[in-house]
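Report on the structure given below.
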Amino acid sequence: MDSVGYHLAFWSLAVISVGAALGVVVSRNLIHAVIFLILAFVGVAGLYLVLSAEFIAVVQVLVYVGAISVLMLFAILLTPRAARDNAETSMRYPATILMGLVTAAMVFVAVETDWAAVLDDPVAESPRVIGQSLINEFVLPFEIAAVLLTAALVGAIALAREDPEDAPLHDESLAMEARRPGPHGPGPSPDDGDGGGSA
Amino acid sequence: MTIGLEHFLVVGALIFGIGLYVALAKRNAIAVLMGVELMLNAVNLTLVAFGRFTVTDVALSTQVFVMFIIATAAAEVAVGLALAMVVYRNRDTISVDRINLMRW
């Protein structure tokens, strides 16, 4: 555990994660902040590898880097009239004080406590062990997580779906959609409805 | 100097603090969600570090726990971003200091 490569991996990944998290704070562009957030996620995934939690590292890259970041980029791009300067509210100074207190307390506890940490060999074939305990000891939380994900999926779609009745008036494409007469084009197939069949 | 549990805990604490600041102080609602994700990542890192440096009854139960946290975080961010979309559609802004509909 004390090889040079281990030290190098830990320190570089720790600097990358914390530095990228700081980049989320200081960058003045929301898109850049998301890029820094992706970098922080990748750094934390590397730290999982250092902790020999390979499966969690892969899940981290899949879910956070692959899905959540893209979802956030989509949300930013779908709110074009919102401010993108990544500015702070007037709560900046109370938040700074609270952040300092919380971080200082946690770092103090982490450093000063005698954790009696034992480090034995990492579990071999950890994805297999995780999978087996998911369907043995943790089968009920596993099913509840499935229900939760389905409910979140349905809820997100139901929330984000545009209601046709209260569509905003300034949206011109929707207004044109409303003015257009209902079934358009005599063609039987939908492919040549507007292109050549109307001439 | 050997790298022990406290090194990972300090990294987790730093990321958690930064995420706390982002969640509390940023103006854009999506940036607030980014802070929440940073905090969840810090907690996951701390959990995996504790699992690596302790002996548990069920092998790798901390990593299973972290998997559930990741699943919950994915659900949370999906619903949160959908809420941000709804607020943007109705109010034309997602600045958290301008969403004052319920202010008395």
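Residues are named by chain letter and number: chains run A, B, ... in the order of the structure tokens, numbers start at 1 in each chain, and ligands are numbered from 1 in the order shown.
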
Pull the closest atom pair for each residue of chain A that gets at most 6 Å from chain B, along with the distance in Å to one decimal, counting only C-alpha atoms, ordering rows by chain and then ascending residue number, as a Markdown table.
| residue | atom | partner | partner_atom | distance |
| --- | --- | --- | --- | --- |
| A:Asp2 | CA | B:Thr2 | CA | 6.0 |
| A:Val18 | CA | B:Ile15 | CA | 5.9 |
| A:Ala82 | CA | B:Thr93 | CA | 5.2 |
| A:Ala87 | CA | B:Arg27 | CA | 5.7 |
| A:Glu88 | CA | B:Lys26 | CA | 4.4 |
| A:Thr89 | CA | B:Arg27 | CA | 5.2 |
| A:Met91 | CA | B:Ala25 | CA | 5.4 |
| A:Arg92 | CA | B:Ala25 | CA | 5.1 |
| A:Ala95 | CA | B:Tyr21 | CA | 5.5 |
| A:Met99 | CA | B:Gly17 | CA | 5.2 |
| A:Thr103 | CA | B:Gly17 | CA | 5.3 |
| A:Met106 | CA | B:Ala13 | CA | 5.9 |
| A:Val107 | CA | B:Val10 | CA | 5.4 |
| A:Ala110 | CA | B:Glu6 | CA | 5.4 |
| A:Val111 | CA | B:Glu6 | CA | 5.8 |
| A:Ala117 | CA | B:Phe53 | CA | 5.3 |
| A:Val118 | CA | B:Phe53 | CA | 5.2 |
| A:Leu119 | CA | B:Phe53 | CA | 5.0 |
| A:Leu149 | CA | B:Ala75 | CA | 5.7 |
| A:Ala152 | CA | B:Ala75 | CA | 5.3 |
| A:Ala156 | CA | B:Val79 | CA | 4.9 |
| A:Leu159 | CA | B:Ala82 | CA | 5.9 |
| A:Ala160 | CA | B:Ala82 | CA | 5.1 |

If you run DSSP on the backbone, which residues of region 61-118 of chain A are alpha helix (DSSP H), as a compact mmCIF listing (two decimals) with N, CA and C atoms, in the first residue's frame?
# COMPACT_ATOMS: atom_id res chain seq x y z
N SER A 69 -24.58 14.39 -15.56
CA SER A 69 -23.98 15.58 -16.16
C SER A 69 -24.69 15.97 -17.44
N VAL A 70 -25.02 14.96 -18.26
CA VAL A 70 -25.72 15.26 -19.50
C VAL A 70 -27.10 15.85 -19.20
N LEU A 71 -27.74 15.31 -18.16
CA LEU A 71 -29.04 15.84 -17.76
C LEU A 71 -28.92 17.31 -17.35
N MET A 72 -27.85 17.64 -16.62
CA MET A 72 -27.66 19.03 -16.19
C MET A 72 -27.36 19.93 -17.37
N LEU A 73 -26.54 19.45 -18.31
CA LEU A 73 -26.27 20.25 -19.50
C LEU A 73 -27.56 20.49 -20.28
N PHE A 74 -28.39 19.46 -20.40
CA PHE A 74 -29.67 19.63 -21.08
C PHE A 74 -30.52 20.67 -20.36
N ALA A 75 -30.56 20.60 -19.05
CA ALA A 75 -31.39 21.55 -18.29
C ALA A 75 -30.88 22.97 -18.51
N ILE A 76 -29.56 23.15 -18.55
CA ILE A 76 -29.02 24.50 -18.77
C ILE A 76 -29.38 24.98 -20.17
N LEU A 77 -29.24 24.09 -21.15
CA LEU A 77 -29.50 24.51 -22.53
C LEU A 77 -30.99 24.72 -22.76
N ARG A 92 -23.96 34.69 0.32
CA ARG A 92 -22.58 34.25 0.09
C ARG A 92 -21.78 34.19 1.39
N TYR A 93 -21.87 35.25 2.19
CA TYR A 93 -21.02 35.29 3.38
C TYR A 93 -21.49 34.33 4.47
N PRO A 94 -22.79 34.24 4.77
CA PRO A 94 -23.20 33.18 5.71
C PRO A 94 -22.83 31.78 5.22
N ALA A 95 -22.97 31.56 3.90
CA ALA A 95 -22.62 30.23 3.37
C ALA A 95 -21.13 29.97 3.52
N THR A 96 -20.30 31.01 3.31
CA THR A 96 -18.86 30.82 3.48
C THR A 96 -18.52 30.47 4.92
N ILE A 97 -19.16 31.18 5.85
CA ILE A 97 -18.88 30.91 7.26
C ILE A 97 -19.31 29.49 7.62
N LEU A 98 -20.51 29.11 7.17
CA LEU A 98 -21.02 27.77 7.48
C LEU A 98 -20.13 26.70 6.86
N MET A 99 -19.71 26.94 5.60
CA MET A 99 -18.82 25.98 4.95
C MET A 99 -17.52 25.83 5.73
N GLY A 100 -16.97 26.96 6.17
CA GLY A 100 -15.72 26.88 6.92
C GLY A 100 -15.88 26.11 8.21
N LEU A 101 -16.97 26.37 8.92
CA LEU A 101 -17.19 25.68 10.20
C LEU A 101 -17.38 24.18 9.99
N VAL A 102 -18.23 23.83 9.03
CA VAL A 102 -18.53 22.41 8.81
C VAL A 102 -17.27 21.67 8.35
N THR A 103 -16.55 22.29 7.41
CA THR A 103 -15.35 21.62 6.91
C THR A 103 -14.30 21.49 8.00
N ALA A 104 -14.13 22.55 8.79
CA ALA A 104 -13.13 22.49 9.86
C ALA A 104 -13.49 21.42 10.87
N ALA A 105 -14.78 21.33 11.21
CA ALA A 105 -15.19 20.32 12.18
C ALA A 105 -14.93 18.92 11.65
N MET A 106 -15.29 18.70 10.38
CA MET A 106 -15.12 17.35 9.83
C MET A 106 -13.65 16.99 9.68
N VAL A 107 -12.83 17.94 9.24
CA VAL A 107 -11.41 17.66 9.09
C VAL A 107 -10.78 17.40 10.45
N PHE A 108 -11.21 18.18 11.46
CA PHE A 108 -10.68 17.98 12.82
C PHE A 108 -11.01 16.58 13.33
N VAL A 109 -12.28 16.18 13.16
CA VAL A 109 -12.69 14.85 13.63
C VAL A 109 -11.94 13.77 12.85
N ALA A 110 -11.80 13.96 11.54
CA ALA A 110 -11.14 12.94 10.72
C ALA A 110 -9.69 12.78 11.11
N VAL A 111 -9.02 13.87 11.45
CA VAL A 111 -7.59 13.79 11.74
C VAL A 111 -7.34 13.37 13.18
N GLU A 112 -8.16 13.87 14.10
CA GLU A 112 -7.86 13.67 15.51
C GLU A 112 -8.36 12.34 16.07

Record the distance separating CA of Val36 (chain B) and CA of Tyr64 (chain A), expressed in Å with one decimal.
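Taking CA of Val36 (chain B) as the start and CA of Tyr64 (chain A) as the end point, the length is 12.5 Å.
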
Atom-to-atom span, CA of Ile56 (chain A) and CA of Pro127 (chain A), Å:
8.8 Å

Please indicate the distance in Å from CA of Asn100 (chain B) to CA of Val34 (chain A), rounded to one decimal place.
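For CA of Asn100 (chain B) relative to CA of Val34 (chain A), the distance reads 25.9 Å.
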